[in-house]
Amino acid sequence: MSGGLVILDRDGVINRDSEAFVKTPDEWEPIEGSLKAITDLSSAGFDIAVASNQSGIGRKIIDRPSLEAIHNKMRRLVRESGGDIGKIVYCPHHPEDGCDCRKPAPGLLHKLSRFYGVSLEGVPVIGDSLRDIDAAVAAEARPILVLTGNGQKTERELEQQGRTVETFVDLAAAASALIAESRSN
Ligand SMILES: [Mg+2]
Ligand SMILES: [Zn+2]
């Protein structure tokens with residue numbers, strides 16, 4: 001059974017966000033319930049991909065081997081919980097580089113669309129920041145906001161802009177809803 005693709009932002013969705021950047025595996029701490037949420041999605045047949053802005057690389061705050069080590073820890077913890085994270089893509093650029101992959105640009109999402117060979121139409125893109133929502137809209141995917149990380153601030157920003165986006169308290173709640181939806185289809 002396949003539930004299709006789900007694309008997750010990382011910081012503020014899977015793990016606690018840090019204004020000082022997450023620079024080492026030790027600094028990477030999962031948000032309560034997020035590993036189980038990913039595992040539940042895996043068990044329900046979803047492919048889980050991660051798309052995140054990692055400007056700490058462009059800012060020379062973290063190097064690629066450290067980022068890979070963090071991602072290895074994330075994958076390992078999810079695997080130990082019985083789930084699986086598929087493709088991880090990230091934008092390593094500085095915000096001033098003007099690249100086409102830093103969210104709110106849709107480049108990372110398009111990359112995942114090519115990798116999985118699927119259209120992004122209806123694909124849940126779960127994030128905590130306005131740029132995650134805007135990237136999902138730009139890619140014509142299905143934006144979903146979670147209220148962890150920057151989520152509450154983002155909810156207010158969306159409200160000020162008169163926009164409504166599908167919103168859940170956290171990844172666990174979003175995952176439960178997607179799983180229930182896939183079972184009813
Ligand atoms: Mg985030
Ligand atoms: Zn980029």
# chains A, B, ... in the order shown; residues from 1 in each chain; ligands from 1
$ residues_around --residues "Ala172 (chain A)" --least-positions-apart "2" --cutoff "6 Å" --atoms "only C-alpha atoms" --output "ChimeraX atom specification"
/A:33-34,37,170,174-175
$ write_last_selection --atoms "N, CA, C and O atoms" --output "JSON list (two decimals), in the first residue's frame"
[["chain", "number", "residue", "atom", "x", "y", "z"],
["A", 33, "GLY", "N", 7.11, 13.30, 19.95],
["A", 33, "GLY", "CA", 6.13, 12.65, 19.07],
["A", 33, "GLY", "C", 6.48, 12.67, 17.59],
["A", 33, "GLY", "O", 5.81, 12.00, 16.79],
["A", 34, "SER", "N", 7.54, 13.40, 17.21],
["A", 34, "SER", "CA", 7.80, 13.53, 15.77],
["A", 34, "SER", "C", 8.37, 12.24, 15.15],
["A", 34, "SER", "O", 8.05, 11.90, 14.01],
["A", 37, "ALA", "N", 5.58, 9.91, 14.68],
["A", 37, "ALA", "CA", 4.73, 10.39, 13.58],
["A", 37, "ALA", "C", 5.30, 9.93, 12.24],
["A", 37, "ALA", "O", 4.57, 9.46, 11.35],
["A", 170, "ASP", "N", 0.95, 19.81, 15.76],
["A", 170, "ASP", "CA", 2.32, 19.33, 15.58],
["A", 170, "ASP", "C", 2.33, 18.24, 14.51],
["A", 170, "ASP", "O", 1.28, 17.91, 13.94],
["A", 174, "ALA", "N", -0.68, 16.13, 12.44],
["A", 174, "ALA", "CA", -0.77, 16.17, 10.98],
["A", 174, "ALA", "C", -0.69, 14.75, 10.40],
["A", 174, "ALA", "O", -1.45, 14.38, 9.50],
["A", 175, "ALA", "N", 0.23, 13.95, 10.95],
["A", 175, "ALA", "CA", 0.42, 12.59, 10.46],
["A", 175, "ALA", "C", -0.84, 11.76, 10.69],
["A", 175, "ALA", "O", -1.29, 11.03, 9.80]]
$ closest_atom_pairs --of "chain A" --to "ligand 2" --cutoff "10 Å" --atoms "only C-alpha atoms and all ligand atoms" --output "Markdown table"
| residue | atom | partner | partner_atom_place_in_ligand_line | distance |
| --- | --- | --- | --- | --- |
| A:Ser52 | CA | ligand 2 | 1 (Zn) | 9.7 |
| A:Asn53 | CA | ligand 2 | 1 (Zn) | 7.4 |
| A:Gln54 | CA | ligand 2 | 1 (Zn) | 8.5 |
| A:Ser55 | CA | ligand 2 | 1 (Zn) | 8.1 |
| A:Gly58 | CA | ligand 2 | 1 (Zn) | 9.1 |
| A:Tyr90 | CA | ligand 2 | 1 (Zn) | 7.5 |
| A:Cys91 | CA | ligand 2 | 1 (Zn) | 4.0 |
| A:Pro92 | CA | ligand 2 | 1 (Zn) | 5.6 |
| A:His93 | CA | ligand 2 | 1 (Zn) | 4.5 |
| A:His94 | CA | ligand 2 | 1 (Zn) | 7.4 |
| A:Pro95 | CA | ligand 2 | 1 (Zn) | 7.9 |
| A:Glu96 | CA | ligand 2 | 1 (Zn) | 9.8 |
| A:Asp97 | CA | ligand 2 | 1 (Zn) | 7.6 |
| A:Gly98 | CA | ligand 2 | 1 (Zn) | 7.5 |
| A:Cys99 | CA | ligand 2 | 1 (Zn) | 4.6 |
| A:Asp100 | CA | ligand 2 | 1 (Zn) | 5.7 |
| A:Cys101 | CA | ligand 2 | 1 (Zn) | 3.9 |
| A:Arg102 | CA | ligand 2 | 1 (Zn) | 4.2 |
| A:Lys103 | CA | ligand 2 | 1 (Zn) | 7.9 |
| A:Ala105 | CA | ligand 2 | 1 (Zn) | 8.6 |
| A:Gly107 | CA | ligand 2 | 1 (Zn) | 7.9 |
| A:Leu108 | CA | ligand 2 | 1 (Zn) | 8.1 |
$ write_last_selection --atoms "C-alpha atoms" --output "CSV table (one decimal), in the first residue's frame"
chain,number,residue,atom,x,y,z
A,52,SER,CA,15.1,22.3,4.4
A,53,ASN,CA,16.9,25.5,4.2
A,54,GLN,CA,20.4,25.1,5.8
A,55,SER,CA,21.9,28.5,5.3
A,58,GLY,CA,26.5,29.4,3.3
A,90,TYR,CA,18.6,21.0,1.5
A,91,CYS,CA,19.5,24.5,0.3
A,92,PRO,CA,23.1,25.2,1.5
A,93,HIS,CA,23.1,28.8,0.2
A,94,HIS,CA,23.3,32.1,2.0
A,95,PRO,CA,20.0,34.0,1.8
A,96,GLU,CA,21.8,36.7,-0.3
A,97,ASP,CA,23.0,34.2,-2.9
A,98,GLY,CA,19.8,34.5,-4.8
A,99,CYS,CA,19.6,30.7,-5.5
A,100,ASP,CA,16.4,29.0,-6.7
A,101,CYS,CA,16.3,26.4,-3.9
A,102,ARG,CA,16.0,28.4,-0.7
A,103,LYS,CA,12.4,28.3,0.4
A,105,ALA,CA,11.5,29.3,-3.8
A,107,GLY,CA,13.5,24.5,-6.1
A,108,LEU,CA,13.9,21.8,-3.4
$ residues_near_ligand --ligand "ligand 1" --cutoff "6 Å" --atoms "only C-alpha atoms and all ligand atoms" --output "PDB file with C-alpha atoms, in the first residue's frame"
ATOM      1  CA  ASP A   9      10.580  20.708   6.724  1.00  0.00           C
ATOM      2  CA  ARG A  10      13.191  19.779   9.344  1.00  0.00           C
ATOM      3  CA  ASP A  11      13.831  22.476  11.967  1.00  0.00           C
ATOM      4  CA  GLY A  12      10.725  23.301  13.976  1.00  0.00           C
ATOM      5  CA  GLY A 127       6.336  23.255   7.619  1.00  0.00           C
ATOM      6  CA  ASP A 128       6.417  25.732  10.476  1.00  0.00           C
ATOM      7  CA  SER A 129       7.473  28.899   8.632  1.00  0.00           C
TER       8      SER A 129
END
$ atom_distance --atom1 "CA of Ile62 (chain A)" --atom2 "CA of Leu35 (chain A)"
24.0 Å
$ closest_residue --among "A:Ile57, A:Ile38, A:Leu77, A:Leu158" --to "Ala173 (chain A)" --atoms "only C-alpha atoms"
A:Ile38
$ residues_around --residues "Ser18 (chain A)" --least-positions-apart "3" --cutoff "10 Å" --atoms "only C-alpha atoms" --output "MDAnalysis selection string"
chainID A and resid 11:12 15 21:23 27:28 149
$ residues_around --residues "Thr154 (chain A)" --least-positions-apart "6" --cutoff "12 Å" --atoms "only C-alpha atoms" --output "list of chain:residue names"
A:Gly12, A:Gly127, A:Asp128, A:Ser129, A:Leu130, A:Arg131, A:Asp132, A:Ile133, A:Asp134, A:Ile144, A:Leu145, A:Val146, A:Leu147, A:Thr148, A:Gln160, A:Gln161, A:Arg163, A:Thr164, A:Val165, A:Thr167
$ write_last_selection --atoms "N, CA, C and O atoms" --output "PDB file, in the first residue's frame"
ATOM      1  N   GLY A  12      12.020  22.779  13.539  1.00  0.00           N
ATOM      2  CA  GLY A  12      10.725  23.301  13.976  1.00  0.00           C
ATOM      3  C   GLY A  12       9.576  22.371  13.626  1.00  0.00           C
ATOM      4  O   GLY A  12       8.438  22.624  14.023  1.00  0.00           O
ATOM      5  N   GLY A 127       5.307  22.339   7.134  1.00  0.00           N
ATOM      6  CA  GLY A 127       6.336  23.255   7.619  1.00  0.00           C
ATOM      7  C   GLY A 127       5.834  24.124   8.751  1.00  0.00           C
ATOM      8  O   GLY A 127       4.638  24.143   9.062  1.00  0.00           O
ATOM      9  N   ASP A 128       6.771  24.846   9.365  1.00  0.00           N
ATOM     10  CA  ASP A 128       6.417  25.732  10.476  1.00  0.00           C
ATOM     11  C   ASP A 128       6.611  27.205  10.138  1.00  0.00           C
ATOM     12  O   ASP A 128       6.250  28.061  10.931  1.00  0.00           O
ATOM     13  N   SER A 129       7.187  27.502   8.965  1.00  0.00           N
ATOM     14  CA  SER A 129       7.473  28.899   8.632  1.00  0.00           C
ATOM     15  C   SER A 129       6.706  29.330   7.396  1.00  0.00           C
ATOM     16  O   SER A 129       6.324  28.504   6.565  1.00  0.00           O
ATOM     17  N   LEU A 130       6.534  30.640   7.283  1.00  0.00           N
ATOM     18  CA  LEU A 130       5.815  31.185   6.139  1.00  0.00           C
ATOM     19  C   LEU A 130       6.485  30.750   4.832  1.00  0.00           C
ATOM     20  O   LEU A 130       5.821  30.461   3.841  1.00  0.00           O
ATOM     21  N   ARG A 131       7.816  30.666   4.843  1.00  0.00           N
ATOM     22  CA  ARG A 131       8.495  30.295   3.589  1.00  0.00           C
ATOM     23  C   ARG A 131       8.226  28.848   3.187  1.00  0.00           C
ATOM     24  O   ARG A 131       8.294  28.528   1.990  1.00  0.00           O
ATOM     25  N   ASP A 132       7.921  27.985   4.147  1.00  0.00           N
ATOM     26  CA  ASP A 132       7.544  26.607   3.795  1.00  0.00           C
ATOM     27  C   ASP A 132       6.192  26.619   3.083  1.00  0.00           C
ATOM     28  O   ASP A 132       5.996  25.913   2.087  1.00  0.00           O
ATOM     29  N   ILE A 133       5.277  27.399   3.644  1.00  0.00           N
ATOM     30  CA  ILE A 133       3.930  27.491   3.075  1.00  0.00           C
ATOM     31  C   ILE A 133       4.014  28.093   1.672  1.00  0.00           C
ATOM     32  O   ILE A 133       3.408  27.590   0.714  1.00  0.00           O
ATOM     33  N   ASP A 134       4.814  29.165   1.555  1.00  0.00           N
ATOM     34  CA  ASP A 134       4.920  29.839   0.248  1.00  0.00           C
ATOM     35  C   ASP A 134       5.600  28.953  -0.796  1.00  0.00           C
ATOM     36  O   ASP A 134       5.241  28.976  -1.965  1.00  0.00           O
ATOM     37  N   ILE A 144       0.821  22.546   4.534  1.00  0.00           N
ATOM     38  CA  ILE A 144       0.277  22.245   5.861  1.00  0.00           C
ATOM     39  C   ILE A 144       1.177  22.901   6.901  1.00  0.00           C
ATOM     40  O   ILE A 144       2.396  22.728   6.887  1.00  0.00           O
ATOM     41  N   LEU A 145       0.555  23.668   7.793  1.00  0.00           N
ATOM     42  CA  LEU A 145       1.292  24.346   8.858  1.00  0.00           C
ATOM     43  C   LEU A 145       1.204  23.548  10.153  1.00  0.00           C
ATOM     44  O   LEU A 145       0.135  23.035  10.486  1.00  0.00           O
ATOM     45  N   VAL A 146       2.335  23.439  10.849  1.00  0.00           N
ATOM     46  CA  VAL A 146       2.299  22.899  12.211  1.00  0.00           C
ATOM     47  C   VAL A 146       2.706  24.022  13.171  1.00  0.00           C
ATOM     48  O   VAL A 146       3.483  24.909  12.809  1.00  0.00           O
ATOM     49  N   LEU A 147       2.181  23.968  14.399  1.00  0.00           N
ATOM     50  CA  LEU A 147       2.352  25.087  15.327  1.00  0.00           C
ATOM     51  C   LEU A 147       3.581  24.949  16.221  1.00  0.00           C
ATOM     52  O   LEU A 147       3.793  25.752  17.118  1.00  0.00           O
ATOM     53  N   THR A 148       4.415  23.946  15.951  1.00  0.00           N
ATOM     54  CA  THR A 148       5.690  23.837  16.655  1.00  0.00           C
ATOM     55  C   THR A 148       6.675  24.808  15.978  1.00  0.00           C
ATOM     56  O   THR A 148       6.368  25.374  14.934  1.00  0.00           O
ATOM     57  N   GLN A 160      -2.792  37.779   9.312  1.00  0.00           N
ATOM     58  CA  GLN A 160      -2.672  39.180   8.896  1.00  0.00           C
ATOM     59  C   GLN A 160      -2.789  39.316   7.386  1.00  0.00           C
ATOM     60  O   GLN A 160      -3.232  40.331   6.866  1.00  0.00           O
ATOM     61  N   GLN A 161      -2.360  38.293   6.669  1.00  0.00           N
ATOM     62  CA  GLN A 161      -2.428  38.333   5.201  1.00  0.00           C
ATOM     63  C   GLN A 161      -3.784  37.832   4.695  1.00  0.00           C
ATOM     64  O   GLN A 161      -3.990  37.753   3.490  1.00  0.00           O
ATOM     65  N   ARG A 163      -4.927  34.848   4.900  1.00  0.00           N
ATOM     66  CA  ARG A 163      -4.814  33.522   4.267  1.00  0.00           C
ATOM     67  C   ARG A 163      -5.184  32.437   5.271  1.00  0.00           C
ATOM     68  O   ARG A 163      -4.887  32.558   6.452  1.00  0.00           O
ATOM     69  N   THR A 164      -5.772  31.368   4.775  1.00  0.00           N
ATOM     70  CA  THR A 164      -6.006  30.218   5.647  1.00  0.00           C
ATOM     71  C   THR A 164      -5.268  29.023   5.078  1.00  0.00           C
ATOM     72  O   THR A 164      -5.273  28.786   3.865  1.00  0.00           O
ATOM     73  N   VAL A 165      -4.607  28.307   5.966  1.00  0.00           N
ATOM     74  CA  VAL A 165      -3.837  27.126   5.586  1.00  0.00           C
ATOM     75  C   VAL A 165      -4.225  26.013   6.550  1.00  0.00           C
ATOM     76  O   VAL A 165      -4.475  26.268   7.726  1.00  0.00           O
ATOM     77  N   THR A 167      -3.969  23.548   9.244  1.00  0.00           N
ATOM     78  CA  THR A 167      -3.051  23.694  10.389  1.00  0.00           C
ATOM     79  C   THR A 167      -3.270  22.596  11.426  1.00  0.00           C
ATOM     80  O   THR A 167      -4.405  22.233  11.715  1.00  0.00           O
TER      81      THR A 167
END
$ closest_residue --among "A:Ser43, A:Glu32, A:Arg76, A:Leu5" --to "Leu120 (chain A)" --atoms "only C-alpha atoms"
A:Leu5
$ select_by_dssp --residues "region 9-103 of chain A" --states "helix (DSSP H, G or I)" --output "PyMOL selection string"
chain A and resi 25-27+34-43+55-58+64-80+95-97
$ closest_residue --among "A:Ser176, A:Asn150, A:Asn185, A:Thr24" --to "Ser66 (chain A)" --atoms "only C-alpha atoms"
A:Thr24
$ residues_around --residues "Arg183 (chain A)" --least-positions-apart "2" --cutoff "12 Å" --atoms "only C-alpha atoms" --output "number ranges by chain"
A: 1-3, 41, 44-46, 176-181, 185
$ atom_distance --atom1 "CA of Val125 (chain A)" --atom2 "CA of Ala141 (chain A)"
6.8 Å
$ closest_residue --among "A:Gly117, A:Gly151, A:Gly86, A:Pro30" --to "Ile7 (chain A)" --atoms "only C-alpha atoms"
A:Gly86
$ closest_residue --among "A:Pro25, A:Gly4, A:Pro106, A:Gly56" --to "Asn72 (chain A)" --atoms "only C-alpha atoms"
A:Pro25
$ atom_distance --atom1 "CA of Leu112 (chain A)" --atom2 "CA of Ala51 (chain A)"
8.2 Å
$ decode --residues "region 57-77 of chain A" --atoms "N, CA and C atoms" --output "compact mmCIF listing (two decimals), in the first residue's frame"
# COMPACT_ATOMS: atom_id res chain seq x y z
N ILE A 57 25.30 26.59 6.28
CA ILE A 57 26.44 26.23 5.44
C ILE A 57 26.96 27.47 4.70
N GLY A 58 26.06 28.17 4.04
CA GLY A 58 26.45 29.40 3.33
C GLY A 58 27.00 30.46 4.26
N ARG A 59 26.54 30.43 5.50
CA ARG A 59 27.01 31.41 6.50
C ARG A 59 28.30 30.93 7.17
N LYS A 60 28.76 29.74 6.79
CA LYS A 60 29.98 29.12 7.34
C LYS A 60 29.89 28.87 8.85
N ILE A 61 28.67 28.57 9.31
CA ILE A 61 28.46 28.25 10.72
C ILE A 61 28.56 26.74 10.92
N ILE A 62 28.26 25.99 9.86
CA ILE A 62 28.33 24.53 9.93
C ILE A 62 28.86 24.03 8.58
N ASP A 63 29.60 22.91 8.59
CA ASP A 63 30.07 22.39 7.30
C ASP A 63 29.24 21.18 6.89
N ARG A 64 29.42 20.75 5.64
CA ARG A 64 28.58 19.67 5.13
C ARG A 64 28.74 18.35 5.90
N PRO A 65 29.98 17.95 6.29
CA PRO A 65 30.09 16.70 7.05
C PRO A 65 29.28 16.75 8.35
N SER A 66 29.26 17.91 9.03
CA SER A 66 28.47 18.01 10.27
C SER A 66 26.99 17.88 9.96
N LEU A 67 26.56 18.51 8.85
CA LEU A 67 25.15 18.41 8.47
C LEU A 67 24.80 16.96 8.15
N GLU A 68 25.70 16.27 7.44
CA GLU A 68 25.47 14.86 7.12
C GLU A 68 25.38 14.03 8.41
N ALA A 69 26.23 14.36 9.38
CA ALA A 69 26.21 13.62 10.66
C ALA A 69 24.88 13.84 11.37
N ILE A 70 24.36 15.05 11.30
CA ILE A 70 23.05 15.35 11.91
C ILE A 70 21.97 14.54 11.21
N HIS A 71 22.04 14.51 9.87
CA HIS A 71 21.02 13.77 9.13
C HIS A 71 21.13 12.27 9.39
N ASN A 72 22.34 11.77 9.58
CA ASN A 72 22.51 10.35 9.91
C ASN A 72 21.86 10.04 11.25
N LYS A 73 22.02 10.95 12.21
CA LYS A 73 21.39 10.74 13.52
C LYS A 73 19.87 10.71 13.37
N MET A 74 19.35 11.67 12.59
CA MET A 74 17.89 11.74 12.39
C MET A 74 17.38 10.45 11.75
N ARG A 75 18.08 10.00 10.70
CA ARG A 75 17.68 8.75 10.03
C ARG A 75 17.74 7.56 10.98
N ARG A 76 18.82 7.52 11.78
CA ARG A 76 19.02 6.38 12.69
C ARG A 76 17.91 6.32 13.73
N LEU A 77 17.58 7.49 14.32
CA LEU A 77 16.53 7.50 15.35
C LEU A 77 15.18 7.09 14.76
